[in-house]
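S.K.: Here you go, input.cif (mmCIF, C-alpha atoms):
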data_run
#
loop_
_atom_site.label_atom_id
_atom_site.label_comp_id
_atom_site.auth_asym_id
_atom_site.auth_seq_id
_atom_site.Cartn_x
_atom_site.Cartn_y
_atom_site.Cartn_z
CA MET A 1 0.00 0.00 0.00
CA LYS A 2 1.55 3.25 -1.11
CA ILE A 3 0.67 6.47 0.61
CA SER A 4 1.58 10.12 0.20
CA TYR A 5 3.65 11.89 2.79
CA TYR A 6 3.20 15.60 3.47
CA PRO A 7 6.15 16.95 5.48
CA GLY A 8 5.35 20.65 5.96
CA CYS A 9 7.85 23.48 6.30
CA THR A 10 9.27 23.00 9.79
CA LEU A 11 10.27 19.38 9.19
CA LYS A 12 12.73 20.53 6.57
CA THR A 13 14.46 22.97 8.95
CA ARG A 14 13.98 23.14 12.76
CA ALA A 15 12.40 19.71 13.15
CA LYS A 16 14.59 17.56 10.89
CA ASN A 17 14.79 15.07 13.76
CA LEU A 18 11.04 14.47 13.49
CA GLU A 19 11.32 13.71 9.78
CA THR A 20 14.50 11.62 9.70
CA SER A 21 13.40 9.39 12.59
CA ALA A 22 9.89 8.95 11.17
CA LEU A 23 11.06 8.06 7.66
CA ALA A 24 13.56 5.51 8.96
CA ALA A 25 10.97 4.00 11.31
CA MET A 26 8.30 3.79 8.60
CA ASP A 27 10.81 2.08 6.33
CA ALA A 28 11.63 -0.44 9.07
CA LEU A 29 7.90 -1.10 9.55
CA GLY A 30 7.52 -1.78 5.82
CA LEU A 31 5.34 1.27 5.16
CA GLU A 32 5.90 2.68 1.72
CA VAL A 33 5.52 6.43 1.78
CA GLU A 34 6.21 8.84 -1.02
CA GLU A 35 6.80 12.51 -0.34
CA LEU A 36 4.59 14.68 -2.52
CA THR A 37 6.69 15.97 -5.41
CA ARG A 38 5.07 19.40 -5.08
CA TRP A 39 3.68 20.76 -1.85
CA ASN A 40 3.16 24.15 -0.24
CA CYS A 41 2.82 25.45 3.31
CA CYS A 42 -0.54 24.39 4.79
CA GLY A 43 -0.92 27.76 6.57
CA ALA A 44 -0.19 26.28 10.02
CA VAL A 45 -3.54 27.38 11.47
CA PHE A 46 -6.98 26.73 10.03
CA SER A 47 -9.03 29.80 9.11
CA LEU A 48 -11.79 30.32 11.70
CA ALA A 49 -13.68 33.07 9.89
CA ASP A 50 -16.75 32.36 7.76
CA ASP A 51 -15.77 35.03 5.24
CA ASP A 52 -12.11 33.97 4.93
CA LEU A 53 -11.85 31.15 2.41
CA ILE A 54 -8.60 32.28 0.80
CA HIS A 55 -6.58 30.73 3.62
CA ILE A 56 -8.21 27.36 2.95
CA VAL A 57 -6.91 27.33 -0.62
CA ALA A 58 -3.35 26.36 0.43
CA PRO A 59 -4.21 23.15 2.31
CA VAL A 60 -6.75 22.18 -0.36
CA ARG A 61 -4.04 22.52 -3.03
CA ASP A 62 -1.91 20.04 -1.06
CA LEU A 63 -4.84 17.61 -0.93
CA ILE A 64 -5.28 17.96 -4.70
CA ARG A 65 -1.58 17.10 -5.11
CA VAL A 66 -2.23 13.88 -3.13
CA LYS A 67 -5.17 12.97 -5.37
CA GLU A 68 -3.06 13.70 -8.49
CA SER A 69 -0.32 11.37 -7.25
CA GLY A 70 -2.84 8.53 -7.47
CA HIS A 71 -2.92 7.91 -3.72
CA ASP A 72 -6.01 8.06 -1.56
CA THR A 73 -4.22 8.61 1.75
CA VAL A 74 -1.84 11.25 3.04
CA VAL A 75 0.12 10.96 6.25
CA THR A 76 1.55 13.88 8.20
CA LEU A 77 3.95 14.03 11.13
CA CYS A 78 3.45 17.60 12.35
CA SER A 79 0.31 18.03 14.49
CA MET A 80 -0.43 21.50 13.15
CA CYS A 81 -0.19 20.37 9.52
CA TYR A 82 -2.43 17.42 10.39
CA ASN A 83 -5.06 19.71 11.89
CA THR A 84 -5.02 22.20 9.03
CA LEU A 85 -5.17 19.56 6.29
CA ALA A 86 -7.80 17.47 8.08
CA ARG A 87 -10.07 20.46 8.71
CA ALA A 88 -9.73 21.72 5.16
CA ASN A 89 -10.61 18.21 4.00
CA GLU A 90 -13.69 18.08 6.25
CA LEU A 91 -14.85 21.44 4.96
CA MET A 92 -14.48 20.34 1.32
CA LYS A 93 -16.36 17.14 2.11
CA THR A 94 -19.26 18.64 4.03
CA ASP A 95 -19.83 22.29 3.05
CA GLU A 96 -21.32 22.36 -0.42
CA VAL A 97 -21.41 26.15 -0.76
CA LYS A 98 -17.83 26.79 0.38
CA ARG A 99 -16.60 23.82 -1.68
CA LYS A 100 -18.07 25.36 -4.82
CA THR A 101 -16.57 28.80 -4.07
CA ILE A 102 -13.10 27.33 -3.48
CA ASN A 103 -13.25 25.05 -6.52
CA ASP A 104 -14.48 27.92 -8.73
CA PHE A 105 -11.70 30.17 -7.44
CA MET A 106 -9.03 27.56 -8.26
CA ASP A 107 -10.14 27.19 -11.86
CA GLU A 108 -6.66 25.94 -12.84
CA GLU A 109 -7.01 22.95 -10.50
CA PRO A 110 -9.26 19.89 -10.80
CA ASP A 111 -12.33 20.02 -8.53
CA TYR A 112 -11.87 18.55 -5.08
CA ALA A 113 -14.52 17.20 -2.69
CA GLY A 114 -12.57 15.67 0.20
CA GLU A 115 -11.72 12.34 -1.47
CA VAL A 116 -8.37 11.94 0.28
CA ARG A 117 -8.04 10.41 3.76
CA VAL A 118 -5.85 12.56 6.02
CA TYR A 119 -3.90 10.67 8.67
CA HIS A 120 -1.44 11.59 11.33
CA LEU A 121 1.29 8.96 11.68
CA LEU A 122 -0.05 8.01 15.13
CA ASP A 123 -3.53 7.03 14.01
CA PHE A 124 -2.08 5.54 10.84
CA LEU A 125 0.08 3.21 12.96
CA ARG A 126 -2.91 2.31 15.13
CA ASP A 127 -5.24 1.59 12.20
CA GLU A 128 -2.82 0.04 9.70
CA ILE A 129 -0.35 -1.81 11.92
CA GLY A 130 -1.98 -2.04 15.34
CA TRP A 131 -0.34 -1.93 18.74
CA ASP A 132 0.01 -5.71 19.12
CA LYS A 133 1.91 -6.04 15.86
CA LEU A 134 4.01 -2.99 16.66
CA LYS A 135 4.93 -4.58 19.98
CA GLU A 136 6.13 -7.69 18.16
CA MET A 137 8.34 -5.57 15.90
CA VAL A 138 10.07 -3.81 18.79
CA LYS A 139 13.72 -4.88 19.04
CA LYS A 140 14.81 -2.67 21.91
CA PRO A 141 11.96 -2.20 24.38
CA LEU A 142 12.11 1.12 26.21
CA THR A 143 11.99 -0.68 29.56
CA ASP A 144 12.25 1.56 32.63
CA LEU A 145 11.95 4.75 30.61
CA LYS A 146 9.30 6.85 32.32
CA VAL A 147 7.68 8.83 29.53
CA ALA A 148 4.75 11.23 29.78
CA PRO A 149 2.63 11.33 26.62
CA TYR A 150 1.93 14.97 25.75
CA TYR A 151 -0.91 15.38 23.24
CA GLY A 152 -1.27 19.17 23.05
CA CYS A 153 -4.21 20.58 21.12
CA THR A 154 -4.22 19.99 17.41
CA LEU A 155 -4.32 16.17 17.36
CA LEU A 156 -7.45 16.16 19.51
CA ARG A 157 -9.40 19.34 18.92
CA PRO A 158 -11.84 20.17 17.48
CA ALA A 159 -13.61 16.81 17.85
CA ASP A 160 -14.37 16.29 14.15
CA VAL A 161 -10.67 15.85 13.34
CA ALA A 162 -9.56 14.25 16.62
CA ILE A 163 -7.38 11.15 16.19
CA ASP A 164 -8.76 9.80 19.48
CA LYS A 165 -11.31 10.75 22.15
CA PRO A 166 -10.70 14.48 22.70
CA ASP A 167 -11.29 14.35 26.45
CA ASN A 168 -9.68 11.02 27.29
CA PRO A 169 -7.19 9.99 24.60
CA ARG A 170 -5.20 6.77 24.87
CA ILE A 171 -3.47 6.66 21.49
CA LEU A 172 -0.09 8.04 22.57
CA HIS A 173 -0.32 6.07 25.83
CA ASP A 174 -0.92 2.84 23.88
CA PHE A 175 1.83 3.67 21.40
CA LEU A 176 4.38 4.18 24.20
CA SER A 177 3.20 1.02 25.98
CA ALA A 178 3.72 -0.95 22.78
CA LEU A 179 7.30 0.35 22.70
CA GLY A 180 7.78 -1.01 26.23
CA ALA A 181 8.03 2.36 27.99
CA GLU A 182 6.58 3.09 31.40
CA VAL A 183 3.75 5.51 30.61
CA ILE A 184 3.28 8.38 33.05
CA ASP A 185 -0.24 9.77 33.06
CA PHE A 186 -0.49 13.47 33.97
CA PRO A 187 -3.34 15.99 33.78
CA GLY A 188 -1.31 18.48 31.72
CA ALA A 189 -1.17 16.06 28.76
CA LEU A 190 -4.06 17.81 27.01
CA GLN A 191 -3.22 21.38 27.98
CA CYS A 192 -2.05 23.96 25.47
CA CYS A 193 1.66 24.89 25.52
CA GLY A 194 0.85 28.46 24.50
CA THR A 195 1.57 27.79 20.82
CA TYR A 196 1.96 30.94 18.65
CA GLN A 197 1.61 33.15 21.73
CA ILE A 198 5.39 32.69 21.96
CA LEU A 199 5.38 35.45 19.33
CA GLY A 200 2.53 37.65 20.59
CA ASN A 201 2.68 37.15 24.37
CA PRO A 202 5.83 35.15 25.22
CA GLU A 203 5.20 35.45 28.96
CA ALA A 204 1.80 33.77 28.60
CA ALA A 205 3.23 30.95 26.47
CA LEU A 206 6.13 30.31 28.85
CA SER A 207 3.81 30.27 31.83
CA ALA A 208 1.55 27.70 30.15
CA SER A 209 4.55 25.56 29.13
CA LYS A 210 6.08 25.73 32.61
CA ASP A 211 2.86 24.34 34.14
CA ILE A 212 2.96 21.36 31.76
CA LEU A 213 6.62 20.55 32.51
CA ALA A 214 6.15 20.91 36.27
CA ASP A 215 3.07 18.70 36.14
CA ALA A 216 4.84 15.97 34.14
CA THR A 217 7.95 15.85 36.33
CA GLY A 218 5.77 16.11 39.44
CA HIS A 219 4.10 12.87 38.36
CA GLY A 220 7.46 11.19 37.95
CA ALA A 221 8.13 11.62 34.23
CA GLU A 222 11.75 11.42 33.08
CA ALA A 223 10.83 12.61 29.59
CA LEU A 224 7.96 13.87 27.43
CA ALA A 225 6.92 12.45 24.06
CA LEU A 226 5.10 14.69 21.58
CA ALA A 227 4.37 15.22 17.89
CA CYS A 228 4.33 18.98 17.32
CA PRO A 229 7.40 21.09 16.47
CA LEU A 230 5.83 24.18 18.07
CA CYS A 231 5.16 22.30 21.33
CA ASP A 232 8.75 21.06 21.13
CA TYR A 233 9.96 24.64 20.72
CA ASN A 234 7.98 25.98 23.68
CA LEU A 235 8.53 23.01 26.00
CA GLY A 236 12.02 21.98 24.93
CA HIS A 237 13.88 24.81 23.26
CA LYS A 238 12.63 27.41 25.75
CA GLN A 239 13.29 25.21 28.79
CA ASP A 240 16.53 26.95 29.79
CA ILE A 241 14.75 30.31 29.93
CA MET A 242 11.92 28.75 31.97
CA MET A 243 14.38 27.15 34.40
CA THR A 244 16.01 30.52 35.15
CA LYS A 245 12.61 32.21 35.40
CA TYR A 246 10.71 29.73 37.54
CA ASP A 247 12.22 28.31 40.73
CA GLY A 248 12.24 24.58 41.15
CA LEU A 249 11.51 23.69 37.53
CA LYS A 250 13.37 20.51 36.65
CA GLU A 251 15.14 19.80 33.35
CA VAL A 252 13.24 17.22 31.32
CA PRO A 253 14.16 15.89 27.89
CA ILE A 254 11.56 16.16 25.11
CA TYR A 255 11.37 13.56 22.34
CA TYR A 256 9.37 13.32 19.17
CA PHE A 257 7.33 10.13 19.37
CA THR A 258 9.06 9.03 16.16
CA GLN A 259 12.49 9.17 17.80
CA LEU A 260 11.34 6.78 20.52
CA LEU A 261 9.80 4.59 17.82
CA ALA A 262 13.07 4.50 15.88
CA VAL A 263 15.10 3.66 19.01
CA ALA A 264 12.67 0.89 19.96
CA LEU A 265 12.93 -0.53 16.45
CA GLY A 266 16.70 -0.72 16.91
CA LEU A 267 17.51 2.32 14.78
CA SER A 268 19.90 4.14 17.05
CA SER A 269 22.20 6.01 14.67
CA ASP A 270 22.73 9.77 14.88
CA GLU A 271 21.65 10.20 11.25
CA VAL A 272 18.26 8.67 12.03
CA ASN A 273 17.52 10.34 15.35
CA ARG A 274 19.37 13.66 15.06
CA PHE A 275 19.41 14.07 18.86
CA ASP A 276 21.76 17.02 18.25
CA ILE A 277 18.59 19.09 17.58
CA ASN A 278 16.97 18.00 20.88
CA ARG A 279 18.03 19.16 24.32
CA GLU A 280 21.39 17.66 25.29
CA SER A 281 19.70 15.64 28.03
CA ALA A 282 17.66 13.71 25.42
CA LYS A 283 20.59 11.64 24.19
CA GLN A 284 22.11 11.37 27.66
CA LEU A 285 18.96 9.85 29.17
CA LEU A 286 18.73 7.15 26.49
CA GLU A 287 22.45 6.40 26.90
CA SER A 288 22.08 6.11 30.66
CA LYS A 289 19.33 3.50 30.10
CA SER A 290 21.56 1.68 27.56
CA LEU A 291 18.92 2.18 24.87
CA ILE A 292 21.43 3.72 22.48
CA ALA A 293 25.19 3.26 22.36
CA MET B 1 -19.08 46.03 38.63
CA PRO B 2 -22.54 47.45 37.77
CA LEU B 3 -23.15 47.95 34.05
CA LYS B 4 -25.52 50.55 32.72
CA ILE B 5 -27.66 49.03 29.97
CA SER B 6 -29.75 51.11 27.62
CA TYR B 7 -30.48 51.24 23.89
CA ARG B 8 -27.55 53.68 23.64
CA THR B 9 -25.01 51.17 24.98
CA ILE B 10 -25.96 48.41 22.54
CA ASN B 11 -24.01 48.44 19.26
CA LYS B 12 -26.08 46.18 17.05
CA GLU B 13 -23.91 46.72 13.98
CA PHE B 14 -20.90 45.43 15.92
CA GLN B 15 -22.85 42.42 17.19
CA ASP B 16 -23.95 41.60 13.65
CA LYS B 17 -20.39 41.85 12.37
CA VAL B 18 -19.15 39.37 15.01
CA LYS B 19 -22.00 36.99 14.17
CA GLU B 20 -21.36 37.27 10.44
CA ILE B 21 -17.61 36.65 10.60
CA SER B 22 -17.73 33.91 13.25
CA GLY B 23 -20.91 32.17 12.11
CA GLN B 24 -21.65 31.74 15.84
CA SER B 25 -24.35 33.03 18.16
CA PHE B 26 -23.05 34.41 21.46
CA TYR B 27 -26.69 34.61 22.65
CA LYS B 28 -26.56 30.84 23.19
CA CYS B 29 -24.15 31.36 26.10
CA PHE B 30 -25.80 30.85 29.52
CA GLN B 31 -22.77 32.00 31.51
CA CYS B 32 -21.79 28.68 33.09
CA GLY B 33 -18.09 29.65 33.00
CA THR B 34 -16.82 26.28 31.77
CA CYS B 35 -14.78 28.11 29.11
CA ALA B 36 -13.13 30.40 31.66
CA GLY B 37 -12.41 27.49 34.00
CA SER B 38 -10.88 25.42 31.18
CA CYS B 39 -8.91 28.15 29.42
CA PRO B 40 -5.14 27.63 29.84
CA MET B 41 -4.54 31.33 29.16
CA SER B 42 -7.27 32.83 31.36
CA GLU B 43 -4.71 33.87 34.00
CA GLN B 44 -3.25 36.25 31.44
CA MET B 45 -6.62 37.64 30.36
CA ASN B 46 -8.08 40.83 31.83
CA THR B 47 -11.53 39.53 30.85
CA THR B 48 -12.42 35.85 30.89
CA PRO B 49 -14.14 34.27 27.86
CA ARG B 50 -17.36 34.00 29.92
CA LYS B 51 -17.39 37.71 30.68
CA LEU B 52 -16.55 38.51 27.07
CA MET B 53 -19.64 36.55 25.98
CA ALA B 54 -21.73 38.67 28.36
CA LEU B 55 -20.26 41.90 26.93
CA LEU B 56 -21.08 40.69 23.41
CA GLN B 57 -24.64 39.84 24.44
CA LEU B 58 -24.94 43.38 25.80
CA GLY B 59 -23.39 44.86 22.65
CA ARG B 60 -20.65 46.70 24.55
CA GLU B 61 -18.22 47.43 21.73
CA VAL B 62 -16.51 50.31 23.57
CA MET B 63 -15.59 48.06 26.49
CA LEU B 64 -14.28 45.37 24.13
CA ASP B 65 -11.59 47.83 22.98
CA GLU B 66 -9.85 47.28 26.30
CA VAL B 67 -10.27 43.53 26.40
CA ASN B 68 -7.09 41.49 25.71
CA THR B 69 -8.90 38.13 25.57
CA PRO B 70 -8.78 37.49 21.79
CA TRP B 71 -5.10 38.45 21.69
CA VAL B 72 -4.17 36.02 24.45
CA CYS B 73 -6.39 33.19 23.12
CA ALA B 74 -4.24 30.39 21.69
CA SER B 75 -7.09 28.79 19.68
CA CYS B 76 -6.44 25.58 21.63
CA TYR B 77 -10.13 24.61 21.38
CA THR B 78 -10.44 23.41 24.98
CA CYS B 79 -13.43 25.73 25.51
CA GLU B 80 -15.06 24.57 22.29
CA VAL B 81 -14.96 20.86 23.14
CA ARG B 82 -16.35 21.58 26.63
CA CYS B 83 -18.99 24.26 25.92
CA PRO B 84 -22.36 22.74 26.89
CA ARG B 85 -24.08 25.13 24.46
CA GLY B 86 -21.94 24.05 21.52
CA ILE B 87 -20.54 27.52 20.84
CA ASP B 88 -17.32 27.57 18.82
CA ILE B 89 -15.72 30.25 21.02
CA PRO B 90 -12.38 30.30 19.12
CA ARG B 91 -14.33 31.44 16.04
CA ILE B 92 -15.74 34.36 18.05
CA MET B 93 -12.19 35.23 19.17
CA GLU B 94 -11.05 35.09 15.53
CA ALA B 95 -13.88 37.44 14.50
CA LEU B 96 -12.87 39.92 17.21
CA ARG B 97 -9.23 39.76 16.11
CA LEU B 98 -10.15 40.23 12.46
CA ILE B 99 -12.36 43.27 13.14
CA THR B 100 -9.23 45.02 14.46
CA LEU B 101 -6.68 43.52 12.05
CA ARG B 102 -8.78 44.44 9.01
CA GLN B 103 -8.37 48.08 10.01
CA ASN B 104 -4.62 47.62 9.47
CA ARG B 105 -4.03 47.56 13.21
CA ASN B 106 -1.41 44.82 13.53
CA GLN B 107 -0.68 43.43 16.98
CA ILE B 108 2.89 42.46 16.10
CA GLU B 109 5.13 43.84 13.37
CA PRO B 110 7.02 41.09 11.52
CA SER B 111 9.69 43.64 10.51
CA ASN B 112 10.49 44.19 14.20
CA LEU B 113 11.58 40.57 14.69
CA GLN B 114 15.31 40.36 15.33
CA PRO B 115 17.43 38.25 12.90
CA GLU B 116 18.40 35.88 15.72
CA GLU B 117 14.71 35.33 16.57
CA ILE B 118 13.91 34.56 12.93
CA ILE B 119 16.72 31.98 12.81
CA ASP B 120 15.59 30.48 16.11
CA LEU B 121 11.82 30.26 15.58
CA PRO B 122 10.24 27.30 13.79
CA GLN B 123 8.29 28.31 10.68
CA ILE B 124 4.98 27.17 12.13
CA ALA B 125 5.43 29.64 14.99
CA MET B 126 5.95 32.53 12.59
CA VAL B 127 3.28 31.54 10.07
CA SER B 128 0.66 30.96 12.78
CA GLY B 129 1.68 34.07 14.74
CA PHE B 130 1.49 36.28 11.64
CA ARG B 131 -1.86 34.74 10.74
CA LYS B 132 -3.29 35.60 14.17
CA PHE B 133 -1.65 38.95 14.87
CA THR B 134 -1.34 40.70 11.50
CA GLY B 135 -3.90 41.77 8.91
#
I need this file expressed as structure tokens, please.
M.R.:
Amino acid sequence: MKISYYPGCTLKTRAKNLETSALAAMDALGLEVEELTRWNCCGAVFSLADDDLIHIVAPVRDLIRVKESGHDTVVTLCSMCYNTLARANELMKTDEVKRKTINDFMDEEPDYAGEVRVYHLLDFLRDEIGWDKLKEMVKKPLTDLKVAPYYGCTLLRPADVAIDKPDNPRILHDFLSALGAEVIDFPGALQCCGTYQILGNPEAALSASKDILADATGHGAEALALACPLCDYNLGHKQDIMMTKYDGLKEVPIYYFTQLLAVALGLSSDEVNRFDINRESAKQLLESKSLIA
Amino acid sequence: MPLKISYRTINKEFQDKVKEISGQSFYKCFQCGTCAGSCPMSEQMNTTPRKLMALLQLGREVMLDEVNTPWVCASCYTCEVRCPRGIDIPRIMEALRLITLRQNRNQIEPSNLQPEEIIDLPQIAMVSGFRKFTG
């Protein structure tokens, strides 16, 4: 089964570690993915205004590229890209009036009506491989690694594009359990990290992120696993600033879920995982648990 | 705080504009406060989402000029999934942002970003931030 892969902008620059680890892991799992030969930025956030359809054109163009490639499924790795593409797809499927306006506007493109299935890699793994089979394929179980699954917002909300139950998701929990990790449940798993407020109101974003980190470590987490490069930026990249700003905040490594997948599948090389982009403690923790050499 | 309500304090045109852009009815709100209690950013807001709904119901456009709520909202959708009245509150926040932004009143100026910030920030942070804070 061949599927299209939509990377999105950040995976080619700041979040190369998300892409390299995911591609290597998908290859090891026997999933054949093909990056779209032409793709554009999805717009990162879905337009929430009834009179603003122009910002829906970009994600719809990407979906048309998937259809043109002859595939009926596209998989994304970035949570924000997933949300934007999935919501644009829902709109084209369900809103007849807006669908016609957008299709008429893009008269150079073939008409589109939501024919493509938009997946995030997490629900793709659940639906196409399944946790039991994934468990069998694990070569290096992440035994004794206490990981807190951090969902954030865009994989779960709004409900019509949620990859699991929006109020009580288990998907990332089950994924980490299949890899053999000790899963640490914490209430902050569904809370927003502050997202783009890091630009508009950095104090607000840092305060929201600090609460999540303190909650996770307070529940005994040694690390967080997530899927969104903006969450990774706020929670990981900005951690040094938060530690100087807020007393008692403990250092905690942040991993992309794909990096833990790759390590569990026995893919431990630097080229695959690019831990050099993560916090320094990310590689150190896995080394201390003898999960990577 | 007591609010004086009369036909002079209700700006119907403003109410209609919010309804038209958001596609949502703030009249559905029955002030339960679930949104305010769930909002991860409410600590930073000078007016909670619940109170903002009340101001919209009363058509208080002048008071909304001083409200920072839509600019602190992260569109995380926690309020939307929990609202017992099914109001898509983030769409109302977007409408309020757009009413200002469409008057060329940007909340951040991309040209003021320092080169080191631009190198440091992931693209999704900049694209989403510019989408929410510039016209």
S.K.: Could you name the residues that touch stretch 29-33 of chain B at 12 Å or less, counting only C-alpha atoms, but leaving out those on the same chain fewer than 2 positions away, as a ChimeraX atom specification?
M.R.: /B:24-27,35-39,42,48-57,79-80,82-89
S.K.: Give as a ChimeraX atom specification every residue of chain B that touches chain A within 8 Å, counting all atoms listed in the file.
M.R.: /B:20-23,40-41,44,71-72,74,76-78,80-81,90-91,94-95,107-108,121-129,131,133
S.K.: Env of stretch 283-288 of chain A: 10 Å cut, atoms = only C-alpha atoms, seq-sep filter 4 positions within chain, self excluded. Answer as a list in words.
M.R.: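 Selected residues are Leu142, Leu145, Glu222, Ala223, Val252, Pro253, Tyr255, Leu260, Val263, Ser268, Asp270, Asn273, Arg274, Phe275, Asp276, Asn278, Arg279, Ile292 and Ala293 of chain A.
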S.K.: Now that the selection is made, can you save its residues with C-alpha atoms as a PDB file, in the frame of the given file?
M.R.:
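For reference, out_31.pdb as written:
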ATOM      1  CA  LEU A 142      12.110   1.120  26.210  1.00  0.00           C
ATOM      2  CA  LEU A 145      11.950   4.750  30.610  1.00  0.00           C
ATOM      3  CA  GLU A 222      11.750  11.420  33.080  1.00  0.00           C
ATOM      4  CA  ALA A 223      10.830  12.610  29.590  1.00  0.00           C
ATOM      5  CA  VAL A 252      13.240  17.220  31.320  1.00  0.00           C
ATOM      6  CA  PRO A 253      14.160  15.890  27.890  1.00  0.00           C
ATOM      7  CA  TYR A 255      11.370  13.560  22.340  1.00  0.00           C
ATOM      8  CA  LEU A 260      11.340   6.780  20.520  1.00  0.00           C
ATOM      9  CA  VAL A 263      15.100   3.660  19.010  1.00  0.00           C
ATOM     10  CA  SER A 268      19.900   4.140  17.050  1.00  0.00           C
ATOM     11  CA  ASP A 270      22.730   9.770  14.880  1.00  0.00           C
ATOM     12  CA  ASN A 273      17.520  10.340  15.350  1.00  0.00           C
ATOM     13  CA  ARG A 274      19.370  13.660  15.060  1.00  0.00           C
ATOM     14  CA  PHE A 275      19.410  14.070  18.860  1.00  0.00           C
ATOM     15  CA  ASP A 276      21.760  17.020  18.250  1.00  0.00           C
ATOM     16  CA  ASN A 278      16.970  18.000  20.880  1.00  0.00           C
ATOM     17  CA  ARG A 279      18.030  19.160  24.320  1.00  0.00           C
ATOM     18  CA  ILE A 292      21.430   3.720  22.480  1.00  0.00           C
ATOM     19  CA  ALA A 293      25.190   3.260  22.360  1.00  0.00           C
TER      20      ALA A 293
END
S.K.: From the set A:Tyr150, A:Tyr82, A:Tyr246, A:Phe105, which residue has the shortest atom-to-atom contact distance to A:Asp123, counting only C-alpha atoms?
M.R.: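 The shortest atom-to-atom distance to A:Asp123 comes from A:Tyr82.
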S.K.: For B:Asp65, work out the shell of residues within 12 Å, counting only C-alpha atoms and skipping chain neighbours fewer than 3 positions away, then give it as a list in words.
M.R.: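 Once the adjacent positions are removed, what remains is Phe14, Asn46, Thr47, Leu52, Leu55, Leu56, Arg60, Glu61, Val62, Asn68, Thr69, Pro70, Trp71, Leu96, Arg97, Ile99 and Thr100 of chain B.
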S.K.: By how many Å are atom CA of A:His219 and atom CA of A:Asp174 apart?
M.R.: 18.3 Å
S.K.: Using atom CA of A:Thr84 and atom CA of A:Arg117 as the two end points, give the distance in Å to one decimal.
M.R.: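 Between atom CA of A:Thr84 and atom CA of A:Arg117 the gap is 13.3 Å.
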S.K.: How far is it from atom CA of A:Arg65 to atom CA of A:Met26, in Å with one decimal?
M.R.: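 Separating atom CA of A:Arg65 from atom CA of A:Met26 is a distance of 21.5 Å.
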S.K.: For A:Leu176, which residue among A:Pro59, A:Leu261, A:Asp132, A:Met106 is the nearest when counting all atoms listed in the file?
M.R.: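 Ranking A:Pro59, A:Leu261, A:Asp132, A:Met106 by distance to A:Leu176, first place goes to A:Leu261.
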S.K.: Can you list, as a CSV table (one decimal) with C-alpha atoms, keeping the file's coordinate frame, every protein, DNA or RNA residue that comes within 9 Å of A:Val272 when you count only C-alpha atoms, leaving out same-chain residues fewer than 2 positions away?
M.R.:
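Wrote it out as result.csv, contents follow:
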chain,number,residue,atom,x,y,z
A,17,ASN,CA,14.8,15.1,13.8
A,19,GLU,CA,11.3,13.7,9.8
A,20,THR,CA,14.5,11.6,9.7
A,21,SER,CA,13.4,9.4,12.6
A,22,ALA,CA,9.9,9.0,11.2
A,23,LEU,CA,11.1,8.1,7.7
A,24,ALA,CA,13.6,5.5,9.0
A,25,ALA,CA,11.0,4.0,11.3
A,259,GLN,CA,12.5,9.2,17.8
A,262,ALA,CA,13.1,4.5,15.9
A,267,LEU,CA,17.5,2.3,14.8
A,268,SER,CA,19.9,4.1,17.0
A,269,SER,CA,22.2,6.0,14.7
A,270,ASP,CA,22.7,9.8,14.9
A,274,ARG,CA,19.4,13.7,15.1
A,275,PHE,CA,19.4,14.1,18.9
S.K.: Given the file shown, determine the residues that the PyMOL selection byres ((chain A and resi 118) around 6) selects; report them as a list of chain:residue names.
M.R.: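 Evaluating the PyMOL selection byres ((chain A and resi 118) around 6) on this file yields A:Val74, A:Ala86, A:Arg117, A:Tyr119.
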S.K.: Translate the PyMOL selection byres ((chain A and resi 60) around 8), as applied to the file shown, into an explicit residue set as a PyMOL selection string.
M.R.: chain A and resi 56-59+61-64+85+88-89+112
S.K.: Have stretch 55-62 of chain B completed to N, CA and C atoms, please, and pass it along as a CSV table (one decimal), keeping the file's coordinate frame.
M.R.:
chain,number,residue,atom,x,y,z
B,55,LEU,N,-20.4,40.6,27.5
B,55,LEU,CA,-20.3,41.9,26.9
B,55,LEU,C,-20.8,41.9,25.5
B,56,LEU,N,-20.6,40.8,24.8
B,56,LEU,CA,-21.1,40.7,23.4
B,56,LEU,C,-22.6,40.7,23.4
B,57,GLN,N,-23.2,39.9,24.4
B,57,GLN,CA,-24.6,39.8,24.4
B,57,GLN,C,-25.2,41.2,24.7
B,58,LEU,N,-24.5,42.0,25.5
B,58,LEU,CA,-24.9,43.4,25.8
B,58,LEU,C,-24.5,44.4,24.8
B,59,GLY,N,-23.8,44.0,23.7
B,59,GLY,CA,-23.4,44.9,22.6
B,59,GLY,C,-22.4,46.0,23.1
B,60,ARG,N,-21.5,45.7,24.0
B,60,ARG,CA,-20.6,46.7,24.6
B,60,ARG,C,-19.3,46.8,23.8
B,61,GLU,N,-19.4,47.3,22.6
B,61,GLU,CA,-18.2,47.4,21.7
B,61,GLU,C,-17.1,48.3,22.4
B,62,VAL,N,-17.5,49.4,23.0
B,62,VAL,CA,-16.5,50.3,23.6
B,62,VAL,C,-15.7,49.6,24.6
